[in-house]
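S.K.: Got a structure here, written out as structure tokens. Questions coming.
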Amino acid sequence: MLGNEIGEMVSREQNGSESWDDERVPTIADDHNHLEPEIVSTRPIDTRYSLLSVSDGLFGLILLMAAVLLFAQMDALPLSSAESLQALPTYQFSNGDRFTIGSPAYFTLTALLSPFFGHGDVGARIVPALFGLLTVGLPWLLRRQIGTIGALVAALLLAVSPTINALNHSAGGQSIALFAALLLFVAWINWRDSVDSRWLFALAASVALGISSAPLFYSLLLVGTIGLIIGRVFVPNAEPIVSSTYDYANFRAPLIVGVVLFMGVSTMGLVVPSGLGAVANVFGDWLAQFRLGAGWELPLVALVRYETIPLLLGLIAIGGALWAKDAITKSLLFWIAAGLVLTLMQAGTIANVATITLPLFFLVGSLAERVFERLAARGMWVIAVATFVWGVIALVNFGRFIKNPANIAAPFIAITLLLVLIFSVGYFLPHLPTTIQAFLLGGLALWVYIGWGMAWTLTHRTGNDPREIWVTEGVDSDIKLMRETLQEASFQLVNSNSEIALLTTVDHPALRWYLRDFENVEFVAGIPVGSSADGIITLASEMPSLSGNYAMATFDFTQANFVASEEEKIINILRYWFFEQSNSVLQPERINVWLKIP
């Protein structure tokens, strides 16, 4: 039979017929015509590796952008009151003092890394920054579900988002909560699609981290679960959540790993058993956030102020998602709706803006994947550049009008340029996909330009200013100058940077943090008459009776009591957002530092 098959092959070759669909095999005659046989393949060229290299390069660039925002000048702003409450226990633990844990996961991981990064402002923020970078990388694990372009866009929005960067730049467990909640979502989707038991370990790890992190995790868990459940209800042909042939015995190992990880991050491996009580406090703090009343609008104002362009693109994506037939898109849509409701129910909780922005970014990424499924004509780049340029010019002219409302020419310039853009786009309307791609690409480029600047400004310059609405009470940068002044005075008085005898009537978390290195500091209700301590700290309104000669220096301590003129309230807010200038008055609280003159 083998001889017959060979004979048939030779016969087909002699007759010139081609029997191979994929490639042609060289014959003996080819050896007479060429020094080396040439194999001509008719298989299509596989471009997956070249595409992966491009997408990997773009993803690496996005991670680099996120790293610069997160790790550059991490100590540019002083720690706020909330950050100080979270960071101080790690120092007290290392120093052998009594402490009360805030976020167990943050406490454990920061305490483990403090020998490498120290107990300063950088050491207090290194864990949130690391988890923030990991959060930016998580969309890459969903590229099979939302596409490569969709994952890149979602990661880009996470990288330059001012609100996400503000959370990832704050000492505490909020950054860990963001990462844990998103990892839970990613692991659930991948496990549901592949029923691969390895994703169960990621699920267990995300839950163990999340419940030990911050109340934000429970908010994201609640709205994400609602979105997943309702999203599947509205997609009747969705696959079952768990395969009927799945071996539930595979849950045992992930469950054990999750319990071990939970005990490790919450109690530092049973070294600090009080961490279990702190875990319960995290859940209790989340329940305590449920309240109606004043401040309900703050997360929504922050969303409009810091995520303007993603919000506009998200509204378009939401419109398209209404007719979507896949469970993920529907889940994201209801996730946003649930996040909006929760934000109103937990009035004044500014961190809840993440319950809306997180699914919004993935929805925009899903929109980008559909829009760029096939590259349109070259004219796309013309409209994309025109959209970006118009956005920059319109922003500048709107800012000119805000700074001087009498400048009525500025809005007309922006409107005229908009009309020119609209008529230019009209030329490309026969090629609608080109126009849509151009607007989306131009909008994303404009947001990278604007969002980067806003994120840097919020996390490195103005994050402690109440006019930014991100905080209600900000700690002034003068507190660092006060610390340096006390260190220098201590060296002059007792020949040591930290052994000066201090008395302070001001008991504040930030002050405790910045006085942490001073060994002889005492917090008292009042300064005794005739006190002769080396250094005394009081409110600016207090005038203690001291014995001896003292020099006094005044420092701004906190910034609160934002007072706005009702007649120009909106104009003042906008003027500050654009130019950091406002007619509104900040009433800082000042402290006096009295130093003994030798």
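By order in the structure tokens, chains are A, B, ...; within a chain, residues start at 1; ligands start at 1, following the order shown.
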Tell me which protein, DNA and RNA residues are within 9 Å of A:Val153, counting only C-alpha atoms, leaving out same-chain ones fewer than 3 positions away, and put them as an MDAnalysis selection string.

M.R.: chainID A and resid 139 148:150 156:158 361:362 364:366 368:369 444

S.K.: How about saving the chosen residues, C-alpha atoms kept, as a short mmCIF file (atom, residue, chain, number, x, y, z; two decimals), in the first residue's frame?

M.R.:
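Below is the file that was written, again09.cif:
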data_model
loop_
_atom_site.label_atom_id
_atom_site.label_comp_id
_atom_site.auth_asym_id
_atom_site.auth_seq_id
_atom_site.Cartn_x
_atom_site.Cartn_y
_atom_site.Cartn_z
CA PRO A 139 -6.76 45.44 32.57
CA THR A 148 -6.25 44.39 23.31
CA ILE A 149 -7.22 47.95 22.42
CA GLY A 150 -9.89 47.96 25.11
CA LEU A 156 -4.39 54.43 30.08
CA LEU A 157 -7.42 55.95 31.79
CA LEU A 158 -6.40 54.35 35.10
CA PHE A 361 -12.96 53.27 32.24
CA PHE A 362 -13.56 49.67 31.19
CA VAL A 364 -14.77 53.33 27.41
CA GLY A 365 -12.15 50.68 26.68
CA SER A 366 -14.85 48.36 25.37
CA ALA A 368 -12.63 51.81 21.81
CA GLU A 369 -12.21 48.12 20.98
CA LEU A 444 -8.12 60.32 24.44
#

S.K.: When you look at A:Trp456 with a cut-off of 10 Å (counting only C-alpha atoms), what residues show up, excluding the ones that are within fewer than 5 positions of it in the same chain? I need them as a PDB file with C-alpha atoms, in the first residue's frame.

M.R.:
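Contents of the output file around28.pdb:
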ATOM      1  CA  VAL A  68       6.175  58.564  37.158  1.00  0.00           C
ATOM      2  CA  LEU A  69       2.944  59.938  38.611  1.00  0.00           C
ATOM      3  CA  LEU A  70       3.017  57.537  41.559  1.00  0.00           C
ATOM      4  CA  ALA A  72       8.097  60.836  41.627  1.00  0.00           C
ATOM      5  CA  VAL A 160      -3.679  59.303  34.223  1.00  0.00           C
ATOM      6  CA  SER A 161      -6.913  59.489  36.244  1.00  0.00           C
ATOM      7  CA  PRO A 162      -6.661  62.284  38.859  1.00  0.00           C
ATOM      8  CA  ASN A 165      -4.006  58.713  41.422  1.00  0.00           C
ATOM      9  CA  ALA A 166      -5.205  60.635  44.472  1.00  0.00           C
ATOM     10  CA  GLY A 451      -5.505  64.475  32.903  1.00  0.00           C
ATOM     11  CA  ARG A 461       0.717  70.498  44.837  1.00  0.00           C
ATOM     12  CA  THR A 462      -2.908  71.199  45.756  1.00  0.00           C
ATOM     13  CA  GLY A 463      -4.227  67.972  47.217  1.00  0.00           C
TER      14      GLY A 463
END

S.K.: Write out as a list in words each polymer residue whose atoms come within 12 Å of A:Leu503, counting only C-alpha atoms; drop sequence neighbours fewer than 5 positions from it.

M.R.: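 So, after excluding close chain neighbours, the residues are Leu515, Phe518, Glu519, Asn520, Val521, Glu522, Phe523, Val524, Ala525, Gly526, Ile527, Pro528, Ser531, Ser532, Ala533, Asp534, Gly535, Ile536, Ile537, Thr538, Pro544, Leu546, Asn592, Val593, Trp594 and Leu595 of chain A.
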
S.K.: Point out the residue among A:Ile211, A:Arg192, A:Leu63, A:Phe290 with the least atom-to-atom distance to A:Leu138, counting only C-alpha atoms.

M.R.: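 Among the listed residues, the smallest separation from A:Leu138 belongs to A:Leu63.
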
S.K.: Between atom CA of A:Leu502 and atom CA of A:Met482, what is the spacing in Å?

M.R.: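 Taking atom CA of A:Met482 and atom CA of A:Leu502, their separation equals 13.0 Å.
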
S.K.: Would you mind reading off the distance between atom CA of A:Phe439 and atom CA of A:Val385, one decimal, in Å?

M.R.: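 Atom CA of A:Val385 lies 9.2 Å from atom CA of A:Phe439.
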
S.K.: Within 6 Å of A:Gly339, counting only C-alpha atoms, which residues qualify if same-chain residues fewer than 4 places away don't, as a tab-separated table (two decimals) with N, CA and C atoms, in the first residue's frame?

M.R.:
chain	number	residue	atom	x	y	z
A	223	VAL	N	-21.30	47.02	44.68
A	223	VAL	CA	-21.79	47.51	43.38
A	223	VAL	C	-21.32	46.60	42.25
A	355	THR	N	-16.20	53.94	42.61
A	355	THR	CA	-17.22	52.96	42.25
A	355	THR	C	-17.86	53.29	40.90
A	356	ILE	N	-17.68	54.52	40.44
A	356	ILE	CA	-18.21	54.93	39.13
A	356	ILE	C	-17.10	54.95	38.09

S.K.: List every residue of stretch 45-203 of chain A that DSSP, applied to the backbone, labels as alpha helix (DSSP H), and write the result as a VMD selection string.

M.R.: chain A and resid 48 to 71 81 to 95 104 to 117 121 to 137 143 to 146 148 to 160 162 to 168 174 to 194 198 to 203

S.K.: Could you give me, as a PyMOL selection string, the residues within 7 Å of stretch 187-189 of chain A, counting only C-alpha atoms and dropping anything in the same chain fewer than 4 positions from it?

M.R.: chain A and resi 183+193+199+202-203

S.K.: Only all heavy atoms, please: the residues just picked out, written as an mmCIF file, in the first residue's frame.

M.R.:
data_model
loop_
_atom_site.group_PDB
_atom_site.id
_atom_site.type_symbol
_atom_site.label_atom_id
_atom_site.label_comp_id
_atom_site.auth_asym_id
_atom_site.auth_seq_id
_atom_site.Cartn_x
_atom_site.Cartn_y
_atom_site.Cartn_z
ATOM 1 N N LEU A 183 -8.956 43.079 41.003
ATOM 2 C CA LEU A 183 -8.452 41.722 40.834
ATOM 3 C C LEU A 183 -9.570 40.702 40.999
ATOM 4 O O LEU A 183 -9.629 39.702 40.263
ATOM 5 C CB LEU A 183 -7.337 41.449 41.851
ATOM 6 C CG LEU A 183 -6.760 40.031 41.844
ATOM 7 C CD1 LEU A 183 -6.119 39.710 40.503
ATOM 8 C CD2 LEU A 183 -5.749 39.859 42.978
ATOM 9 N N ASP A 193 -14.946 32.201 32.377
ATOM 10 C CA ASP A 193 -14.776 31.892 30.965
ATOM 11 C C ASP A 193 -13.969 30.622 30.726
ATOM 12 O O ASP A 193 -14.204 29.908 29.757
ATOM 13 C CB ASP A 193 -14.088 33.064 30.257
ATOM 14 C CG ASP A 193 -14.988 34.286 30.148
ATOM 15 O OD1 ASP A 193 -16.195 34.143 30.426
ATOM 16 O OD2 ASP A 193 -14.497 35.367 29.799
ATOM 17 N N TRP A 199 -7.347 30.537 38.631
ATOM 18 C CA TRP A 199 -7.964 31.833 38.920
ATOM 19 C C TRP A 199 -8.636 31.844 40.287
ATOM 20 O O TRP A 199 -8.882 32.909 40.853
ATOM 21 C CB TRP A 199 -8.981 32.187 37.832
ATOM 22 C CG TRP A 199 -8.335 32.572 36.541
ATOM 23 C CD1 TRP A 199 -8.294 31.846 35.389
ATOM 24 C CD2 TRP A 199 -7.614 33.777 36.273
ATOM 25 N NE1 TRP A 199 -7.597 32.515 34.413
ATOM 26 C CE2 TRP A 199 -7.177 33.712 34.940
ATOM 27 C CE3 TRP A 199 -7.303 34.903 37.032
ATOM 28 C CZ2 TRP A 199 -6.431 34.737 34.343
ATOM 29 C CZ3 TRP A 199 -6.567 35.923 36.450
ATOM 30 C CH2 TRP A 199 -6.146 35.833 35.123
ATOM 31 N N ALA A 202 -6.401 33.510 42.702
ATOM 32 C CA ALA A 202 -6.476 34.970 42.608
ATOM 33 C C ALA A 202 -7.735 35.494 43.290
ATOM 34 O O ALA A 202 -7.708 36.556 43.936
ATOM 35 C CB ALA A 202 -6.439 35.402 41.142
ATOM 36 N N LEU A 203 -8.849 34.763 43.147
ATOM 37 C CA LEU A 203 -10.079 35.160 43.833
ATOM 38 C C LEU A 203 -9.890 35.156 45.347
ATOM 39 O O LEU A 203 -10.280 36.103 46.042
ATOM 40 C CB LEU A 203 -11.219 34.205 43.447
ATOM 41 C CG LEU A 203 -11.922 34.442 42.120
ATOM 42 C CD1 LEU A 203 -12.817 33.254 41.780
ATOM 43 C CD2 LEU A 203 -12.751 35.709 42.181
#
